[in-house]
Structure formats: structure tokens, C-alpha cells
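Data block for data-v5.txt (compact mmCIF, C-alpha atoms):
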```
# COMPACT_ATOMS: atom_id res chain seq x y z
CA MET A 1330 180.32 -179.80 65.42
CA ALA A 1331 181.91 -180.13 62.01
CA ARG A 1332 181.54 -177.42 59.42
CA VAL A 1333 179.36 -178.33 56.43
CA LYS A 1334 180.45 -176.91 53.10
CA ARG A 1335 177.62 -176.98 50.57
CA GLY A 1336 179.14 -175.22 47.61
CA VAL A 1337 179.14 -178.32 45.44
CA THR A 1338 175.48 -179.13 46.13
CA THR A 1339 174.31 -175.55 45.63
CA HIS A 1340 176.31 -175.18 42.44
CA ALA A 1341 174.83 -178.41 41.05
CA ARG A 1342 171.28 -177.29 41.88
CA HIS A 1343 171.83 -173.85 40.35
CA LYS A 1344 173.42 -175.37 37.26
CA GLU A 1345 170.43 -177.68 36.77
CA VAL A 1346 167.94 -174.79 36.89
CA VAL A 1347 170.03 -172.59 34.59
CA GLN A 1348 170.35 -175.54 32.18
CA LEU A 1349 166.55 -175.84 32.06
CA GLY A 1350 166.39 -172.10 31.24
CA LYS A 1351 168.70 -172.49 28.27
CA GLY A 1352 167.30 -170.60 25.29
CA TYR A 1353 165.34 -168.07 27.35
CA ARG A 1354 165.81 -164.33 26.68
CA GLY A 1355 168.15 -162.14 28.69
CA ARG A 1356 169.23 -163.06 32.20
CA ALA A 1357 166.62 -165.85 32.39
CA SER A 1358 169.13 -168.08 30.61
CA THR A 1359 172.17 -167.22 32.73
CA ASN A 1360 171.15 -165.85 36.14
CA PHE A 1361 169.85 -168.35 38.74
CA ARG A 1362 167.53 -165.95 40.53
CA VAL A 1363 165.73 -164.99 37.32
CA ALA A 1364 165.99 -168.44 35.75
CA ILE A 1365 164.25 -170.20 38.64
CA GLU A 1366 161.17 -167.97 38.24
CA LYS A 1367 161.02 -168.49 34.49
CA VAL A 1368 161.66 -172.25 34.68
CA GLU A 1369 158.99 -172.76 37.35
CA LYS A 1370 156.49 -170.77 35.27
CA ALA A 1371 157.37 -172.79 32.17
CA LEU A 1372 156.90 -176.05 34.06
CA ARG A 1373 153.48 -174.88 35.28
CA TYR A 1374 152.47 -174.06 31.72
CA ALA A 1375 153.74 -177.45 30.52
CA TYR A 1376 151.77 -179.30 33.21
CA ARG A 1377 148.58 -177.34 32.46
CA ASP A 1378 148.88 -177.64 28.70
CA ARG A 1379 149.48 -181.39 28.71
CA ARG A 1380 145.94 -181.64 30.00
CA ALA A 1381 144.52 -178.84 27.83
CA LYS A 1382 145.93 -180.52 24.70
CA LYS A 1383 143.48 -183.40 25.09
CA GLY A 1384 140.48 -181.07 25.00
CA GLU A 1385 141.89 -179.14 22.06
CA PHE A 1386 142.31 -182.30 20.02
CA ARG A 1387 138.78 -183.44 20.87
CA ALA A 1388 137.45 -180.06 19.67
CA LEU A 1389 139.43 -180.43 16.42
CA TRP A 1390 138.05 -183.93 15.82
CA ILE A 1391 134.50 -182.69 16.42
CA GLN A 1392 134.97 -179.85 13.91
CA ARG A 1393 136.27 -182.30 11.29
CA ILE A 1394 133.40 -184.73 11.87
CA ASN A 1395 130.88 -181.88 11.71
CA ALA A 1396 132.34 -180.68 8.39
CA GLY A 1397 132.19 -184.20 6.95
CA VAL A 1398 128.64 -184.83 8.17
CA ARG A 1399 127.24 -181.54 6.90
CA GLU A 1400 128.24 -182.55 3.37
CA HIS A 1401 125.63 -185.29 3.73
CA GLY A 1402 122.91 -183.07 5.20
CA LEU A 1403 123.24 -183.89 8.91
CA THR A 1404 124.51 -182.03 11.94
CA TYR A 1405 127.17 -183.35 14.29
CA ALA A 1406 124.74 -183.83 17.19
CA ARG A 1407 122.21 -185.77 15.11
CA PHE A 1408 125.01 -187.87 13.58
CA ILE A 1409 126.38 -188.87 17.00
CA ASN A 1410 122.84 -189.61 18.20
CA GLY A 1411 122.26 -191.78 15.13
CA LEU A 1412 125.51 -193.69 15.70
CA LYS A 1413 124.51 -194.40 19.31
CA ARG A 1414 121.08 -195.61 18.24
CA ALA A 1415 122.68 -197.81 15.57
CA GLY A 1416 124.99 -199.30 18.20
CA ILE A 1417 128.17 -198.10 16.50
CA GLU A 1418 130.86 -197.29 19.05
CA LEU A 1419 133.69 -195.41 17.34
CA ASP A 1420 135.66 -192.70 19.07
CA ARG A 1421 135.86 -189.19 17.68
CA LYS A 1422 139.49 -189.55 16.65
CA THR A 1423 138.66 -192.51 14.41
CA LEU A 1424 135.57 -190.80 12.99
CA SER A 1425 137.67 -187.71 12.22
CA ASN A 1426 140.27 -189.78 10.36
CA LEU A 1427 137.53 -191.56 8.39
CA ALA A 1428 135.92 -188.24 7.45
CA ALA A 1429 139.24 -186.86 6.19
CA GLU A 1430 140.85 -189.92 4.60
CA GLU A 1431 138.09 -192.43 3.79
CA PRO A 1432 135.03 -190.52 2.50
CA ALA A 1433 133.32 -193.67 1.22
CA ALA A 1434 133.53 -195.45 4.57
CA PHE A 1435 132.40 -192.28 6.35
CA LYS A 1436 129.42 -192.00 3.98
CA ALA A 1437 128.41 -195.55 4.93
CA LEU A 1438 128.47 -194.56 8.61
CA VAL A 1439 126.37 -191.46 7.89
CA ASP A 1440 123.83 -193.62 6.04
CA GLN A 1441 123.62 -196.04 8.98
CA ALA A 1442 123.17 -193.13 11.41
CA GLN A 1443 120.40 -191.65 9.25
CA ALA A 1444 118.63 -195.01 9.03
CA ALA A 1445 118.81 -195.42 12.83
CA LEU A 1446 117.37 -191.93 13.32
CA LYS A 1447 114.40 -192.71 11.06
CA ALA A 1448 113.65 -196.03 12.77
```
Can you give me the file's structure in the form of C-alpha cells?
Amino acid sequence: MARVKRGVTTHARHKEVVQLGKGYRGRASTNFRVAIEKVEKALRYAYRDRRAKKGEFRALWIQRINAGVREHGLTYARFINGLKRAGIELDRKTLSNLAAEEPAAFKALVDQAQAALKA
């Protein structure tokens, strides 16, 4: 059976991992054995945090809406309930932007939510 030399393949694989570890501290940026551990850990964090980011943004939007609503004497929960009763379907990202950038439009939404809660 013919001899298989795999130096080129191994070198390419090692080079790819070390390249991904570029910028890490110490041997993690130069040594394959250390770099592979650090790169795999970093990729796990990246995968996890791409999903966590969505929840963090939702929490931020809710805080902004709550701050905007409390200026008009409502709580976040009652405001969202009022919007649902009024049949207004806006996502939290849009409501957050309105609260921060368009106070007059947001005030109109708060008034509609309050009217729906009273009815």
C-alpha cells in the first residue's frame, strides 16, 4: 500500500485554527494546541450570545417603553394591555423608537391605550 503524507493537510488545518486565534493573549495566538481550545471556546460563546442578544435587546426596548409610559402615569404592563385591547399591534422595537424619538406620536398611543383600558 502506498504511503500517505499528510503534512500539507495538517499544516493547512493548523494554520486555519491559529489564524482564528489571531489577537489572543500569549500562546493562544501562536500555538495550535492552545489555540484550538481558545478558538472552540470563543465559537461556543459566539453561538450562545447570538441568541442571548435577542433577549437583551427585548429587555432594553421594554425598559425604554416603561420609562416613556411612566411619564404619562401608566405602567408598562397596563400600557401593553391597553394597546392589545385597542387592537394596536406594534412590536416593542417600534414602540421603543417612538418613545425615544417621537414623543408626540407615543403620547397619542398612550392616550389610545388609556381609553381602551377605561372602556
Find the distance between atom CA of Glu1345 of chain A and atom CA of Lys1370 of chain A and write it in Å to one decimal.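 For atom CA of Glu1345 of chain A relative to atom CA of Lys1370 of chain A, the distance reads 15.6 Å.
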Any idea what the distance is between atom CA of Leu1349 of chain A and atom CA of Val1368 of chain A?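 Interatomic distance, atom CA of Leu1349 of chain A to atom CA of Val1368 of chain A: 6.6 Å.
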May I have the residues within 12 Å of Arg1356 of chain A as a PyMOL selection string, using all atoms listed in the file and disregarding those fewer than 5 positions away in the same chain? chain A and resi 1347+1350-1351+1361-1367
Listed atoms of segment 1427-1438 of chain A boxed axis-aligned with 6 Å per side, centre + edges as lines of an AutoDock Vina configuration file:
```
center_x = 134.6
center_y = -191.2
center_z = 4.9
size_x = 24.4
size_y = 20.7
size_z = 19.4
```
With all atoms listed in the file as the atoms that count, which of A:Ala1448, A:Ile1394, A:Ala1341, A:Leu1438 lies nearest to Ile1417 of chain A?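 Among the listed residues, the smallest separation from Ile1417 of chain A belongs to A:Leu1438.
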If we count only C-alpha atoms and set the cut-off at 9 Å, which residues sit around Ala1429 of chain A, ignoring sequence neighbours fewer than 4 positions away in its own chain? Please answer as a PyMOL selection string. chain A and resi 1393-1394+1397+1424-1425+1435
Top pick for closest residue to Arg1387 of chain A, considering A:Ala1415, A:Thr1423, A:Asn1410, A:Arg1342 and counting all atoms listed in the file: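 Ranking A:Ala1415, A:Thr1423, A:Asn1410, A:Arg1342 by distance to Arg1387 of chain A, first place goes to A:Thr1423.
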Hey, which of A:Ala1388, A:Ala1433, A:Leu1403, A:Ala1396 ends up closest to Arg1421 of chain A? Count only C-alpha atoms. A:Ala1388
Please compute the atom CA of Ile1409 of chain A-atom CA of Ala1442 of chain A distance, one decimal, in Å.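 Straight-line distance from atom CA of Ile1409 of chain A to atom CA of Ala1442 of chain A works out to 7.7 Å.
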Among listed residues A:Lys1344, A:Arg1332, A:Arg1377, A:Lys1422, nearest Trp1390 of chain A (using all atoms listed in the file):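 For Trp1390 of chain A, the nearest of the candidates is A:Lys1422.
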From the set A:Ser1358, A:Gly1336, A:Met1330, A:Tyr1405, which residue has the shortest atom-to-atom contact distance to Ile1391 of chain A, counting all atoms listed in the file?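 Using all atoms listed in the file, Ile1391 of chain A sits closest to A:Tyr1405.
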With distances taken over all atoms listed in the file, which of A:Thr1359, A:Leu1446, A:Glu1385, A:His1343 is nearest to Ala1406 of chain A? A:Leu1446
So that I can check the surroundings of Val1398 of chain A, please list as a short mmCIF file (atom, residue, chain, number, x, y, z; two decimals) with C-alpha atoms, keeping the file's coordinate frame every protein, DNA and RNA residue that reaches within 8 Å of it, counting all atoms listed in the file and ignoring chain neighbours fewer than 6 positions away.
```
data_model
loop_
_atom_site.label_atom_id
_atom_site.label_comp_id
_atom_site.auth_asym_id
_atom_site.auth_seq_id
_atom_site.Cartn_x
_atom_site.Cartn_y
_atom_site.Cartn_z
CA THR A 1404 124.51 -182.03 11.94
CA TYR A 1405 127.17 -183.35 14.29
CA PHE A 1408 125.01 -187.87 13.58
CA VAL A 1439 126.37 -191.46 7.89
#
```
